[in-house]
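J.: Sharing a structure here in structure tokens format.
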Amino acid sequence: MTREAVRAGFEEFVGDIIDTAYEEFDVVAVLRGESGASGRLLNRLLKNNRRLDQRIVRPELHDYRRQVLEQFEPILAYAADGDGDFDDYRDRIRETDVYLAHLRPSVRRDRRRTIETAELDRQRRLAEAAQPLVESAEADFWDATVDALDRDHARDLVQTHFTFTDPLRENPDAFVFETDIDPGDVIGGPLTGRLPTVTVEYTDEVVRVLERAEATVVEQALSELDRRFDAE
């Protein structure tokens, strides 16, 4: 199986999670919990939640998807390198890791090192779990999964290694997701240029929707795996 086919399977999985998360995302709940702007400004933003969706929610989730897929590239490169040493890929994987990029500045140095070590170990295990798929002669992701793995290992790949919200569950207070909202971009009108930019944190909401979306997509993927194995 080619690296491109493994990439395509992972992209489909991640894309399904982001699409499901988008349907669940509640921008109104995010703004109602925001304390960094005046009540009047927040009320005006809430009245334009459709534009918030178009200008903020969609781009932010799209960017998150891009970051997850970018971090998969060096992982996939290591998986395809049969004789490679993980240390040769460690820096590239660290530099592209979406969660290490979103660590709160206030996280203590010792805890930061612990989280980084755990995250790099998680990425290493993902690469090693994907290695049999890269080596399979099958050109389709699901066909390669059935060809290269038994049912238990295939289910473990989906449940344990293809999931990517584990760090959020393990260290929910260590990460921050936030964005700057320009009221003029959302509300419009000649006077909005005088309104201040609002920095809005949406960490709790992104954790909620991603965990829920991931659980849904994992169940769908497991059902597809069972269907494929039962057809053998």
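Ordering of the structure tokens sets the chain letters (A, B, ...), residue numbers begin anew at 1 in every chain, and ligands are numbered from 1 in the order given.
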Run DSSP on the backbone and give me the residues of chain A it puts in helix (DSSP H, G or I), as a count of residues only.
T.: 168
J.: May I have the residues within 8 Å of Tyr78 (chain A) as a PyMOL selection string, using only C-alpha atoms and disregarding those fewer than 6 positions away in the same chain?
T.: chain A and resi 84-86+89+127
J.: Could those selected residues go to a file with N, CA and C atoms, as a tab-separated table (two decimals), in the first residue's frame?
T.:
```tsv
chain	number	residue	atom	x	y	z
A	84	GLY	N	14.30	3.17	9.58
A	84	GLY	CA	14.50	4.46	10.22
A	84	GLY	C	14.50	4.40	11.74
A	85	ASP	N	15.11	5.40	12.32
A	85	ASP	CA	15.13	5.57	13.77
A	85	ASP	C	14.20	6.73	14.10
A	86	PHE	N	13.35	6.55	15.11
A	86	PHE	CA	12.40	7.60	15.46
A	86	PHE	C	13.10	8.91	15.80
A	89	TYR	N	13.27	11.55	13.25
A	89	TYR	CA	12.03	12.25	12.89
A	89	TYR	C	11.46	13.05	14.05
A	127	ALA	N	2.80	5.74	14.31
A	127	ALA	CA	3.60	5.39	13.14
A	127	ALA	C	3.87	3.89	13.09
```
J.: If we count only C-alpha atoms and set the cut-off at 9 Å, which residues sit around region 15-23 of chain A, ignoring sequence neighbours fewer than 6 positions away in its own chain? Please answer as JSON, numbers by chain.
T.: {"A": [57, 58, 61, 62, 64, 65, 206, 208, 209, 210, 211, 212, 213, 214, 215, 216, 217, 218]}
J.: Work out how far CA of Gln123 (chain A) is from CA of Arg108 (chain A), in Å to one decimal.
T.: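 Interatomic distance here is 22.4 Å.
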J.: When you look at region 171-179 of chain A with a cut-off of 9 Å (counting only C-alpha atoms), what residues show up, excluding the ones that are within fewer than 5 positions of it in the same chain? I need them as number ranges by chain.
T.: A: 56, 60, 99-107, 112, 115, 166, 198-204, 206-207
J.: Extract, using only C-alpha atoms, all DNA, RNA and protein residues at most 10 Å from Leu133 (chain A), discarding same-chain residues fewer than 3 positions from it, and format them as a ChimeraX atom specification.
T.: /A:1-3,5-6,79-80,128-130,136-149
